[in-house]
Amino acid sequence: MNVTNKPIRDYRDIIAWQRAMDLAVIVDVICDRLPRKSWELASQMRRAANSVHSCIAEGNGRFSTADYLRHLAMSNASLNELESDLFFLERRETQLDAVRQALQLSVEVRRPLWGLIKALRRKGNES
């Protein structure tokens with residue numbers, strides 16, 4: 001069950017995936033506003049942001065808990081990479097409102113993502 005107590009039918013019902021999609025959208029907007037000299041950073045941030053939601057979705061489609069957990073770990077690693085890049089931008093003081101909004105969304109992704117990881121670990125230990 002997710003936070004709204006609705007059954008999870010597929011990855012689109014997972015709160016972490018929903019927030020990760022929101023995060024990817026705002027990161028895309030931030031990257032569009034970066035100066036040309038930051039193109040490589042923007043490309044890296046876009047890849048990391050898209051990896052977060054993609055790995056959640058792909059893991060949900062796997063047939064074993066271990067595979068699902070591996071994909072959630074990759075999602076978490078991409079989230080760490082993205083947050084690090086956002087903290088870098090925050091220090092550069094460019095587009096602070098959007099960067100701070102993205103950092104807040106990253107927290108909103110991390111909480112349910114870790115909840116899902118913990119639940120799957122418990123499930124794996126019960127098997």
# chains A, B, ... in the order shown; residues from 1 in each chain; ligands from 1
>>> residues_around(residues="segment 73-82 of chain A", least_positions_apart="5", cutoff="6 Å", atoms="only C-alpha atoms", output="MDAnalysis selection string")
chainID A and resid 45 48 52 55
>>> residues_around(residues="Asp97 of chain A", least_positions_apart="5", cutoff="12 Å", atoms="only C-alpha atoms", output="list in words")
Ile26, Val29, Ile30, Leu86, Leu89, Glu90, Ala102, Leu103 and Gln104 of chain A
>>> write_last_selection(atoms="all heavy atoms", output="mmCIF file, in the first residue's frame")
data_model
loop_
_atom_site.group_PDB
_atom_site.id
_atom_site.type_symbol
_atom_site.label_atom_id
_atom_site.label_comp_id
_atom_site.auth_asym_id
_atom_site.auth_seq_id
_atom_site.Cartn_x
_atom_site.Cartn_y
_atom_site.Cartn_z
ATOM 1 N N ILE A 26 11.495 19.425 -12.898
ATOM 2 C CA ILE A 26 12.097 20.676 -12.430
ATOM 3 C C ILE A 26 13.589 20.726 -12.751
ATOM 4 O O ILE A 26 14.125 21.779 -13.077
ATOM 5 C CB ILE A 26 11.830 20.946 -10.930
ATOM 6 C CG1 ILE A 26 12.177 22.403 -10.621
ATOM 7 C CG2 ILE A 26 12.581 20.009 -10.040
ATOM 8 C CD1 ILE A 26 11.650 22.902 -9.304
ATOM 9 N N VAL A 29 13.938 21.915 -16.244
ATOM 10 C CA VAL A 29 13.756 23.369 -16.319
ATOM 11 C C VAL A 29 15.024 24.087 -15.859
ATOM 12 O O VAL A 29 15.482 25.038 -16.495
ATOM 13 C CB VAL A 29 12.529 23.807 -15.483
ATOM 14 C CG1 VAL A 29 12.469 25.318 -15.342
ATOM 15 C CG2 VAL A 29 11.246 23.268 -16.100
ATOM 16 N N ILE A 30 15.597 23.629 -14.760
ATOM 17 C CA ILE A 30 16.839 24.230 -14.252
ATOM 18 C C ILE A 30 17.928 24.129 -15.311
ATOM 19 O O ILE A 30 18.638 25.098 -15.588
ATOM 20 C CB ILE A 30 17.290 23.541 -12.937
ATOM 21 C CG1 ILE A 30 16.328 23.886 -11.803
ATOM 22 C CG2 ILE A 30 18.726 23.920 -12.582
ATOM 23 C CD1 ILE A 30 16.515 23.032 -10.561
ATOM 24 N N LEU A 86 22.992 19.531 -7.424
ATOM 25 C CA LEU A 86 22.121 20.628 -7.010
ATOM 26 C C LEU A 86 22.765 21.468 -5.910
ATOM 27 O O LEU A 86 22.666 22.699 -5.917
ATOM 28 C CB LEU A 86 20.760 20.091 -6.553
ATOM 29 C CG LEU A 86 19.864 19.539 -7.661
ATOM 30 C CD1 LEU A 86 18.707 18.736 -7.068
ATOM 31 C CD2 LEU A 86 19.350 20.657 -8.554
ATOM 32 N N LEU A 89 25.173 23.739 -7.574
ATOM 33 C CA LEU A 89 24.486 24.895 -8.167
ATOM 34 C C LEU A 89 24.028 25.877 -7.099
ATOM 35 O O LEU A 89 24.088 27.092 -7.303
ATOM 36 C CB LEU A 89 23.281 24.442 -8.990
ATOM 37 C CG LEU A 89 23.579 23.822 -10.342
ATOM 38 C CD1 LEU A 89 22.276 23.452 -11.039
ATOM 39 C CD2 LEU A 89 24.394 24.764 -11.208
ATOM 40 N N GLU A 90 23.575 25.364 -5.978
ATOM 41 C CA GLU A 90 23.147 26.243 -4.896
ATOM 42 C C GLU A 90 24.313 27.109 -4.418
ATOM 43 O O GLU A 90 24.153 28.293 -4.149
ATOM 44 C CB GLU A 90 22.585 25.413 -3.739
ATOM 45 C CG GLU A 90 22.002 26.240 -2.617
ATOM 46 C CD GLU A 90 21.455 25.397 -1.500
ATOM 47 O OE1 GLU A 90 22.141 24.452 -1.062
ATOM 48 O OE2 GLU A 90 20.330 25.677 -1.048
ATOM 49 N N ALA A 102 14.043 21.895 -6.114
ATOM 50 C CA ALA A 102 14.507 20.569 -6.535
ATOM 51 C C ALA A 102 15.103 19.799 -5.362
ATOM 52 O O ALA A 102 14.880 18.589 -5.222
ATOM 53 C CB ALA A 102 15.532 20.705 -7.663
ATOM 54 N N LEU A 103 15.861 20.485 -4.511
ATOM 55 C CA LEU A 103 16.431 19.815 -3.342
ATOM 56 C C LEU A 103 15.326 19.334 -2.399
ATOM 57 O O LEU A 103 15.414 18.235 -1.852
ATOM 58 C CB LEU A 103 17.402 20.743 -2.606
ATOM 59 C CG LEU A 103 18.757 20.926 -3.291
ATOM 60 C CD1 LEU A 103 19.513 22.100 -2.684
ATOM 61 C CD2 LEU A 103 19.574 19.640 -3.191
ATOM 62 N N GLN A 104 14.270 20.123 -2.224
ATOM 63 C CA GLN A 104 13.144 19.695 -1.394
ATOM 64 C C GLN A 104 12.456 18.482 -2.020
ATOM 65 O O GLN A 104 12.089 17.536 -1.322
ATOM 66 C CB GLN A 104 12.138 20.836 -1.198
ATOM 67 C CG GLN A 104 10.921 20.443 -0.376
ATOM 68 C CD GLN A 104 11.268 19.892 1.004
ATOM 69 O OE1 GLN A 104 12.162 20.402 1.681
ATOM 70 N NE2 GLN A 104 10.602 18.831 1.405
#
>>> closest_residue(among="A:Ile56, A:Ile8, A:Ala98, A:Leu72", to="Asp28 of chain A", atoms="only C-alpha atoms")
A:Ala98
>>> closest_residue(among="A:Asp13, A:Ala49, A:Arg19, A:His71", to="Arg110 of chain A", atoms="only C-alpha atoms")
A:Arg19
>>> residues_around(residues="Arg121 of chain A", least_positions_apart="6", cutoff="9 Å", atoms="only C-alpha atoms", output="VMD selection string")
chain A and resid 65 to 66 69
>>> write_last_selection(atoms="N, CA, C and O atoms", output="PDB file, in the first residue's frame")
ATOM      1  N   THR A  65      12.676 -10.061  -5.800  1.00  0.00           N
ATOM      2  CA  THR A  65      12.895  -8.976  -4.841  1.00  0.00           C
ATOM      3  C   THR A  65      14.330  -8.483  -4.920  1.00  0.00           C
ATOM      4  O   THR A  65      14.580  -7.276  -4.840  1.00  0.00           O
ATOM      5  N   ALA A  66      15.277  -9.384  -5.108  1.00  0.00           N
ATOM      6  CA  ALA A  66      16.685  -8.986  -5.191  1.00  0.00           C
ATOM      7  C   ALA A  66      16.924  -8.060  -6.384  1.00  0.00           C
ATOM      8  O   ALA A  66      17.638  -7.048  -6.267  1.00  0.00           O
ATOM      9  N   LEU A  69      15.398  -4.661  -5.570  1.00  0.00           N
ATOM     10  CA  LEU A  69      16.264  -3.926  -4.647  1.00  0.00           C
ATOM     11  C   LEU A  69      17.503  -3.366  -5.345  1.00  0.00           C
ATOM     12  O   LEU A  69      17.937  -2.249  -5.048  1.00  0.00           O
TER      13      LEU A  69
END
>>> select_by_dssp(residues="segment 8-49 of chain A", states="alpha helix (DSSP H)", output="count of residues only")
30
>>> closest_residue(among="A:Asn50, A:Glu83, A:Ile15, A:Phe63", to="Leu113 of chain A", atoms="only C-alpha atoms")
A:Ile15
